[in-house]
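Trainee: Sharing run-v9.cif below, mmCIF, C-alpha atoms:
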```
data_run
loop_
_atom_site.label_atom_id
_atom_site.label_comp_id
_atom_site.auth_asym_id
_atom_site.auth_seq_id
_atom_site.Cartn_x
_atom_site.Cartn_y
_atom_site.Cartn_z
CA MET A 1 -18.29 30.27 -32.68
CA SER A 2 -20.91 32.33 -30.91
CA ASP A 3 -22.55 31.63 -27.57
CA PRO A 4 -26.23 30.82 -27.96
CA LYS A 5 -26.81 32.08 -24.41
CA ILE A 6 -25.69 35.60 -25.16
CA GLU A 7 -27.76 37.19 -27.86
CA GLY A 8 -26.07 39.35 -30.40
CA TYR A 9 -22.56 38.59 -29.20
CA VAL A 10 -20.03 38.35 -31.98
CA PHE A 11 -16.48 37.41 -31.10
CA LYS A 12 -13.83 39.95 -32.08
CA PRO A 13 -10.13 39.10 -32.14
CA GLY A 14 -7.32 40.96 -30.40
CA PHE A 15 -7.44 43.28 -27.42
CA LYS A 16 -10.73 44.73 -28.56
CA GLY A 17 -12.26 41.28 -28.31
CA MET A 18 -10.64 40.81 -24.94
CA ARG A 19 -12.18 44.02 -23.64
CA GLU A 20 -15.62 42.95 -24.74
CA ASP A 21 -15.06 39.44 -23.45
CA THR A 22 -14.03 40.45 -19.94
CA GLY A 23 -15.63 43.82 -19.28
CA SER A 24 -19.22 43.55 -20.35
CA ASP A 25 -20.96 42.45 -17.11
CA GLN A 26 -21.60 39.04 -18.63
CA THR A 27 -20.09 35.60 -18.77
CA MET A 28 -16.37 35.61 -19.43
CA PHE A 29 -14.97 33.55 -22.34
CA LYS A 30 -18.22 33.90 -24.23
CA GLY A 31 -18.81 31.04 -26.61
CA VAL A 32 -16.13 28.83 -25.10
CA HIS A 33 -17.35 25.43 -23.91
CA TRP A 34 -17.28 25.58 -20.09
CA GLY A 35 -15.36 22.32 -19.99
CA LYS A 36 -12.61 23.84 -22.09
CA ALA A 37 -12.37 26.95 -19.91
CA MET A 38 -12.29 24.77 -16.78
CA MET A 39 -9.64 22.50 -18.29
CA TRP A 40 -7.47 25.56 -18.88
CA ILE A 41 -7.98 26.71 -15.28
CA PHE A 42 -7.12 23.21 -14.07
CA LEU A 43 -4.00 23.16 -16.23
CA LEU A 44 -3.00 26.52 -14.80
CA SER A 45 -3.22 25.12 -11.26
CA ASP A 46 -1.35 22.02 -12.39
CA THR A 47 1.36 24.28 -13.81
CA PHE A 48 1.79 25.73 -10.35
CA ILE A 49 2.09 22.27 -8.79
CA PHE A 50 4.76 21.15 -11.25
CA SER A 51 6.54 24.49 -10.94
CA CYS A 52 6.69 24.03 -7.17
CA PHE A 53 8.19 20.57 -7.65
CA LEU A 54 10.80 21.80 -10.12
CA ILE A 55 11.61 24.88 -8.04
CA SER A 56 12.06 22.78 -4.89
CA TYR A 57 14.31 20.50 -6.94
CA MET A 58 16.32 23.54 -8.02
CA LYS A 59 16.58 24.68 -4.43
CA GLY A 60 17.59 21.24 -3.20
CA ARG A 61 20.16 20.69 -5.91
CA GLY A 62 21.54 24.19 -5.63
CA SER A 63 22.02 24.18 -1.87
CA THR A 64 23.65 20.78 -1.36
CA ILE A 65 27.40 20.67 -0.88
CA VAL A 66 27.57 17.01 -1.93
CA GLU A 67 28.09 16.38 -5.65
CA TRP A 68 24.84 15.83 -7.59
CA PRO A 69 24.65 12.49 -9.47
CA ASN A 70 25.47 12.96 -13.16
CA PRO A 71 22.14 12.24 -14.90
CA SER A 72 23.76 11.33 -18.20
CA GLU A 73 25.59 8.47 -16.41
CA VAL A 74 22.78 7.50 -14.05
CA PHE A 75 20.24 7.23 -16.88
CA ALA A 76 22.62 5.63 -19.37
CA LEU A 77 21.55 2.42 -21.05
CA HIS A 78 24.01 -0.30 -21.99
CA VAL A 79 23.66 -1.38 -25.60
CA GLY A 80 26.08 -4.15 -26.53
CA GLY A 81 28.38 -3.28 -23.63
CA VAL A 82 28.55 0.43 -24.56
CA ALA A 83 26.91 2.96 -22.26
CA VAL A 84 24.68 5.25 -24.32
CA PRO A 85 23.80 8.34 -22.27
CA LEU A 86 20.10 9.09 -21.70
CA LEU A 87 19.04 6.65 -24.43
CA LEU A 88 15.82 5.55 -22.76
CA ILE A 89 14.91 9.12 -21.82
CA ALA A 90 15.45 10.25 -25.40
CA ILE A 91 13.20 7.48 -26.72
CA MET A 92 10.56 8.38 -24.11
CA THR A 93 10.71 12.00 -25.24
CA PHE A 94 10.23 11.04 -28.88
CA VAL A 95 7.36 8.68 -28.02
CA LEU A 96 5.59 11.41 -26.06
CA ILE A 97 6.04 13.96 -28.86
CA THR A 98 4.72 11.44 -31.37
CA SER A 99 1.62 10.88 -29.25
CA SER A 100 1.21 14.63 -28.90
CA GLY A 101 1.23 14.96 -32.68
CA THR A 102 -1.37 12.23 -33.17
CA MET A 103 -3.50 13.92 -30.50
CA ALA A 104 -3.34 17.26 -32.32
CA LEU A 105 -4.46 15.53 -35.52
CA ALA A 106 -7.24 13.70 -33.64
CA VAL A 107 -8.61 17.08 -32.48
CA LYS A 108 -8.47 18.36 -36.05
CA TYR A 109 -10.23 15.35 -37.58
CA GLY A 110 -12.74 15.30 -34.73
CA TYR A 111 -13.87 18.79 -35.58
CA GLU A 112 -14.01 17.77 -39.23
CA LYS A 113 -16.38 14.91 -38.22
CA ASN A 114 -13.98 12.31 -39.55
CA ARG A 115 -15.07 9.78 -36.93
CA LYS A 116 -12.93 6.76 -37.89
CA LEU A 117 -9.67 8.64 -38.38
CA CYS A 118 -10.22 10.56 -35.14
CA GLY A 119 -10.79 7.29 -33.28
CA TRP A 120 -7.69 5.63 -34.72
CA LEU A 121 -5.56 8.68 -33.90
CA LEU A 122 -6.88 8.67 -30.32
CA LEU A 123 -6.05 5.00 -30.06
CA ALA A 124 -2.54 5.65 -31.40
CA THR A 125 -2.14 8.42 -28.81
CA ALA A 126 -3.26 6.07 -26.04
CA LEU A 127 -0.79 3.41 -27.17
CA GLY A 128 2.00 6.00 -27.26
CA GLY A 129 1.15 7.02 -23.72
CA LEU A 130 1.07 3.40 -22.64
CA THR A 131 4.51 2.84 -24.17
CA PHE A 132 5.78 5.87 -22.28
CA VAL A 133 4.43 4.62 -18.95
CA GLY A 134 5.89 1.18 -19.65
CA MET A 135 9.34 2.62 -20.28
CA GLN A 136 9.05 4.73 -17.15
CA ALA A 137 8.19 1.62 -15.13
CA PHE A 138 11.28 -0.03 -16.62
CA GLU A 139 13.41 2.98 -15.70
CA TRP A 140 12.09 3.06 -12.14
CA SER A 141 12.68 -0.65 -11.57
CA LYS A 142 16.18 -0.36 -13.04
CA LEU A 143 17.06 2.50 -10.68
CA ILE A 144 15.46 0.82 -7.68
CA HIS A 145 17.46 -2.30 -8.52
CA GLU A 146 20.62 -0.20 -8.55
CA GLY A 147 19.83 1.00 -5.05
CA VAL A 148 18.24 4.40 -5.65
CA ARG A 149 15.84 5.23 -2.82
CA PRO A 150 14.12 8.48 -1.83
CA TRP A 151 16.55 8.73 1.08
CA GLU A 152 19.78 7.43 -0.45
CA ASN A 153 21.50 6.44 -3.67
CA PRO A 154 24.95 5.15 -4.62
CA PHE A 155 25.72 8.02 -7.03
CA GLY A 156 25.88 11.19 -4.94
CA ALA A 157 23.65 13.66 -3.14
CA LYS A 158 20.92 11.90 -1.17
CA GLN A 159 18.15 14.27 -2.24
CA PHE A 160 18.39 12.99 -5.83
CA GLY A 161 16.10 10.00 -5.24
CA SER A 162 13.30 11.88 -3.54
CA PHE A 163 13.16 14.53 -6.27
CA PHE A 164 13.38 11.91 -9.00
CA PHE A 165 10.58 9.71 -7.69
CA MET A 166 8.37 12.66 -6.77
CA ILE A 167 8.63 14.54 -10.06
CA THR A 168 8.64 11.66 -12.53
CA GLY A 169 6.06 9.80 -10.43
CA PHE A 170 3.66 12.72 -10.46
CA HIS A 171 4.17 13.15 -14.19
CA GLY A 172 3.73 9.42 -14.78
CA THR A 173 0.47 9.52 -12.86
CA HIS A 174 -0.73 12.26 -15.18
CA VAL A 175 0.23 10.18 -18.21
CA SER A 176 -1.54 7.11 -16.81
CA ILE A 177 -4.76 9.04 -16.16
CA GLY A 178 -4.52 10.49 -19.66
CA VAL A 179 -4.09 7.01 -21.17
CA ILE A 180 -7.22 5.75 -19.39
CA PHE A 181 -9.24 8.69 -20.70
CA LEU A 182 -7.78 8.30 -24.21
CA PHE A 183 -8.97 4.69 -24.35
CA ILE A 184 -12.44 5.72 -23.13
CA TYR A 185 -12.64 8.58 -25.62
CA SER A 186 -11.46 6.49 -28.55
CA TYR A 187 -14.15 3.94 -27.66
CA LYS A 188 -16.73 6.72 -27.52
CA THR A 189 -15.53 8.12 -30.83
CA PHE A 190 -15.69 4.76 -32.61
CA LYS A 191 -19.16 4.22 -31.17
CA GLY A 192 -20.19 7.57 -32.61
CA HIS A 193 -21.21 9.14 -29.30
CA TYR A 194 -20.04 12.56 -30.44
CA ASP A 195 -21.84 12.37 -33.78
CA GLU A 196 -25.09 11.31 -32.13
CA ARG A 197 -24.58 13.93 -29.39
CA LYS A 198 -25.10 11.16 -26.88
CA ARG A 199 -24.90 12.08 -23.21
CA GLY A 200 -21.82 10.95 -21.25
CA TRP A 201 -21.76 8.50 -18.36
CA PHE A 202 -21.53 11.01 -15.55
CA THR A 203 -23.03 14.07 -17.18
CA SER A 204 -26.28 15.23 -18.66
CA LEU A 205 -24.42 17.30 -21.25
CA LYS A 206 -24.69 16.24 -24.84
CA GLY A 207 -21.55 14.80 -26.38
CA ASP A 208 -19.57 16.99 -28.76
CA TYR A 209 -16.22 16.82 -30.50
CA VAL A 210 -15.08 19.72 -28.33
CA GLU A 211 -14.50 17.04 -25.67
CA ILE A 212 -11.69 15.67 -27.82
CA GLU A 213 -10.09 19.12 -27.80
CA ILE A 214 -10.43 19.30 -24.01
CA LEU A 215 -8.73 15.93 -23.63
CA GLY A 216 -6.16 17.14 -26.15
CA LEU A 217 -5.35 20.16 -24.00
CA TYR A 218 -4.66 17.84 -21.06
CA TRP A 219 -2.51 15.54 -23.16
CA HIS A 220 -0.44 18.36 -24.66
CA PHE A 221 0.05 19.71 -21.16
CA VAL A 222 1.48 16.36 -20.07
CA ASP A 223 3.89 16.59 -23.00
CA LEU A 224 4.67 20.20 -22.06
CA VAL A 225 5.58 19.23 -18.50
CA TRP A 226 7.85 16.51 -19.85
CA VAL A 227 9.70 19.13 -21.92
CA PHE A 228 10.57 20.93 -18.69
CA ILE A 229 11.39 17.76 -16.73
CA PHE A 230 13.59 16.55 -19.60
CA ALA A 231 15.48 19.85 -19.67
CA PHE A 232 15.88 20.46 -15.95
CA PHE A 233 16.11 17.00 -14.49
CA TYR A 234 17.78 14.90 -17.17
CA LEU A 235 19.86 17.35 -19.19
CA TRP A 236 20.93 19.98 -16.62
CA MET B 1 -32.10 23.71 -33.90
CA ILE B 2 -30.35 27.03 -34.28
CA GLU B 3 -28.22 26.26 -31.24
CA THR B 4 -26.84 23.02 -32.64
CA LYS B 5 -26.14 24.62 -35.98
CA LYS B 6 -24.21 27.44 -34.38
CA GLN B 7 -22.05 25.07 -32.35
CA GLU B 8 -20.99 23.17 -35.43
CA GLN B 9 -19.18 26.16 -36.87
CA THR B 10 -15.69 25.39 -35.63
CA THR B 11 -12.80 26.22 -37.89
CA THR B 12 -9.98 23.71 -38.22
CA HIS B 13 -6.50 24.32 -39.48
CA LYS B 14 -4.70 22.74 -42.39
CA ILE B 15 -2.83 19.53 -41.70
CA GLY B 16 0.42 21.10 -42.94
CA ILE B 17 0.78 23.35 -39.91
CA TYR B 18 0.48 20.40 -37.52
CA LEU B 19 3.01 18.34 -39.45
CA TRP B 20 5.44 21.26 -39.50
CA ILE B 21 5.18 21.78 -35.74
CA TRP B 22 5.47 18.06 -35.18
CA GLY B 23 8.64 17.94 -37.27
CA LEU B 24 10.10 20.98 -35.52
CA LEU B 25 9.45 19.39 -32.12
CA PHE B 26 11.33 16.28 -33.24
CA VAL B 27 14.24 18.33 -34.50
CA LEU B 28 14.41 20.44 -31.34
CA SER B 29 14.26 17.33 -29.13
CA PHE B 30 17.03 15.81 -31.19
CA PHE B 31 19.12 18.95 -30.73
CA SER B 32 18.62 18.99 -26.98
CA TYR B 33 19.64 15.33 -26.85
CA MET B 34 22.73 16.24 -28.86
CA VAL B 35 23.63 18.77 -26.15
CA ASP B 36 24.08 15.83 -23.81
CA TRP B 37 25.61 13.59 -26.47
CA PHE B 38 28.46 16.01 -27.19
CA GLN B 39 28.77 16.79 -23.47
CA PHE B 40 28.67 20.55 -23.81
CA GLN B 41 29.36 22.03 -20.38
CA GLY B 42 28.86 25.24 -18.48
CA LEU B 43 27.05 28.28 -19.79
CA LEU B 44 26.80 26.94 -23.36
CA ARG B 45 25.01 23.82 -22.13
CA TRP B 46 22.52 25.74 -19.98
CA THR B 47 21.78 28.29 -22.69
CA LEU B 48 21.16 25.60 -25.31
CA ILE B 49 18.98 23.51 -22.98
CA VAL B 50 16.81 26.47 -21.97
CA THR B 51 16.54 27.76 -25.55
CA PHE B 52 15.39 24.42 -26.96
CA MET B 53 13.07 23.90 -23.98
CA LEU B 54 11.37 27.27 -24.39
CA LEU B 55 11.06 26.83 -28.16
CA LYS B 56 9.43 23.42 -27.70
CA ALA B 57 7.11 24.67 -24.96
CA GLY B 58 6.16 27.67 -27.07
CA LEU B 59 5.39 25.56 -30.14
CA ILE B 60 3.28 23.09 -28.17
CA MET B 61 1.30 25.83 -26.44
CA ALA B 62 0.88 28.05 -29.48
CA PHE B 63 -0.11 25.46 -32.07
CA PHE B 64 -0.98 22.13 -30.46
CA MET B 65 -2.93 23.81 -27.67
CA HIS B 66 -4.24 26.44 -30.12
CA LEU B 67 -3.21 29.42 -27.99
CA PHE B 68 -1.94 31.20 -31.10
CA TRP B 69 -5.50 31.30 -32.45
CA GLU B 70 -7.17 31.64 -29.06
CA ARG B 71 -8.96 34.76 -27.81
CA TYR B 72 -6.80 37.24 -25.90
CA ALA B 73 -8.99 37.01 -22.80
CA LEU B 74 -8.00 33.37 -22.32
CA VAL B 75 -4.37 33.84 -23.32
CA ASN B 76 -3.92 36.66 -20.81
CA VAL B 77 -5.62 34.77 -18.00
CA LEU B 78 -3.22 31.89 -18.63
CA LEU B 79 0.05 33.67 -19.17
CA TRP B 80 0.08 36.45 -16.56
CA PRO B 81 0.11 34.07 -13.57
CA MET B 82 3.40 32.73 -14.98
CA THR B 83 5.07 35.92 -13.72
CA ALA B 84 4.32 34.68 -10.19
CA ILE B 85 6.29 31.53 -10.98
CA ALA B 86 9.13 33.67 -12.34
CA CYS B 87 9.15 35.63 -9.07
CA PHE B 88 9.18 32.40 -7.08
CA ILE B 89 12.15 31.10 -9.08
CA PHE B 90 13.97 34.39 -8.46
CA LEU B 91 13.31 34.17 -4.70
CA MET B 92 14.38 30.55 -4.46
CA VAL B 93 17.61 31.18 -6.35
CA ALA B 94 18.49 33.77 -3.71
CA GLU B 95 17.45 31.25 -1.06
CA PHE B 96 19.58 28.34 -2.28
CA LYS B 97 22.59 30.59 -2.71
CA TYR B 98 22.22 31.73 0.89
CA THR B 99 21.74 28.14 2.13
CA LEU B 100 24.81 26.99 0.22
CA PHE B 101 26.79 29.92 1.58
CA THR B 102 25.87 29.20 5.22
CA ARG B 103 26.59 25.49 4.79
CA LEU B 104 30.02 26.12 3.30
CA PHE B 105 30.71 28.87 5.82
CA TYR B 106 29.98 26.72 8.88
CA PHE B 107 31.90 23.80 7.44
CA VAL B 108 34.96 26.02 7.33
CA VAL B 109 34.45 28.07 10.50
CA GLY B 110 32.72 25.33 12.49
CA GLY B 111 29.49 25.52 14.47
#
```
Reformat the file's structure so that it appears as structure tokens.
Mentor:
Amino acid sequence: MSDPKIEGYVFKPGFKGMREDTGSDQTMFKGVHWGKAMMWIFLLSDTFIFSCFLISYMKGRGSTIVEWPNPSEVFALHVGGVAVPLLLIAIMTFVLITSSGTMALAVKYGYEKNRKLCGWLLLATALGGLTFVGMQAFEWSKLIHEGVRPWENPFGAKQFGSFFFMITGFHGTHVSIGVIFLFIYSYKTFKGHYDERKRGWFTSLKGDYVEIEILGLYWHFVDLVWVFIFAFFYLW
Amino acid sequence: MIETKKQEQTTTHKIGIYLWIWGLLFVLSFFSYMVDWFQFQGLLRWTLIVTFMLLKAGLIMAFFMHLFWERYALVNVLLWPMTAIACFIFLMVAEFKYTLFTRLFYFVVGG
């Protein structure tokens, strides 16, 4: 893909391409849709926010002298009287990965101008995200019912609740926002806004399937953050 | 007219690669769940968790987020700031060890 604004620019791969992309007294990331570049910058800043949360959790958990609640018992689900450790969390993980896969395929079929399939895949992704948020709401209400609060809990160290609600809440907010946008984008795809290059609601820019990729970057990032939360908060 | 034609030239990848990565992510998630299922403890548990986590994160970033095919300018802008996070983790590990030490110390010695 070449940038129409920069005449004669041809993208080269590797470090040679990087040198020409950054050090030529011109726009950086030549040929990249500005929305995509900005989404990456936003995701970078979001990475720092989530890292700060997880690092503060590490610091809090590492420095307390009270025993930390055992996550595999706290998040266990009782199926027929038997406690299955982390069952709900495992299902949530699989649901989120499934929706990440459908999103990746939606980006692919969007670029291939397969409007209907792209729309259905976006819808499937949105429903996966909705399922995830629903299960998280169930998990929260279960824990709140058991007496977990940001300032106390019946299982162990008091800091557990505040870290749990802060980290999973912030992640859940990201998922919820993503779900809203996925529904909007699947509507726009089915309506053919990207084929007709119709302008968006709040922008004068013409619609393009690159917008699906930008949304995809956000959605994969949400999945990426969950990988780290799953490892550090639930499994550690 | 030329502008719109130029923008339409976006290469897509074969469906096989996405399905492979998808499958691998499922398998890796299953493995990390198994770490908890079999109640591995100590260093083995932490090593396995971090390994599966990094593999999953790498696969998602490289293939689902297309970083593997992305220009180096973007990849470098994204990945170098991660060293700052690594430094922060390093600092905070030293910090929590010190906090834990002082807490335990004054519990034994008294204020």
Trainee: Please, which residues of chain A lie no more than 6 Å from chain B when the count uses all atoms listed in the file, and can they be set out as an NGL selection string?
Mentor: :A and (1 or 4 or 14 or 18 or 59 or 62-63 or 101 or 104 or 108 or 217 or 224)
Trainee: What separation in Å, quoted to one decimal, exists between atom CA of A:Val148 and atom CA of A:Pro71?
Mentor: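 If I compute the distance from atom CA of A:Val148 to atom CA of A:Pro71, I get 12.7 Å.
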Trainee: Go through A:Arg149, A:Lys36, A:Lys30, A:Lys158 and flag the residue nearest A:Ile65, using all atoms listed in the file for the distances.
Mentor: A:Lys158
Trainee: First collect every listed atom of stretch 10-19 of chain B; then fit an axis-aligned box around them, widen it by 8 Å on each side, and give centre and edge lengths in Å to one decimal, as AutoDock Vina command-line options.
Mentor:
```
--center_x -6.3 --center_y 22.3 --center_z -39.3 --size_x 34.7 --size_y 23.9 --size_z 23.3
```
Trainee: Just how far from atom CA of A:Lys116 is atom CA of A:Lys191, in Å to one decimal?
Mentor: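 Separation between atom CA of A:Lys191 and atom CA of A:Lys116: 9.5 Å.
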Trainee: I'd like the residues picked by the PyMOL selection byres ((chain A and resi 106) around 8) written out as a VMD selection string, using the chain letters and numbers from the file.
Mentor: chain A and resid 102 to 105 107 to 110 117 to 119 121 to 122 212
Trainee: Give me the result of the PyMOL selection byres ((chain A and resi 175) around 9) on this file, residue by residue, as number ranges by chain.
Mentor: A: 129-130, 132-133, 170-174, 176-180, 219, 222-223
Trainee: In Å, rounded to a single decimal, give me how far atom CA of A:Asn70 is from atom CA of A:Gly156.
Mentor: 8.4 Å
Trainee: Can you list what the PyMOL selection byres ((chain A and resi 96) around 7) grabs from this structure, as number ranges by chain?
Mentor: A: 92-95, 97-100, 128-129, 132, 223
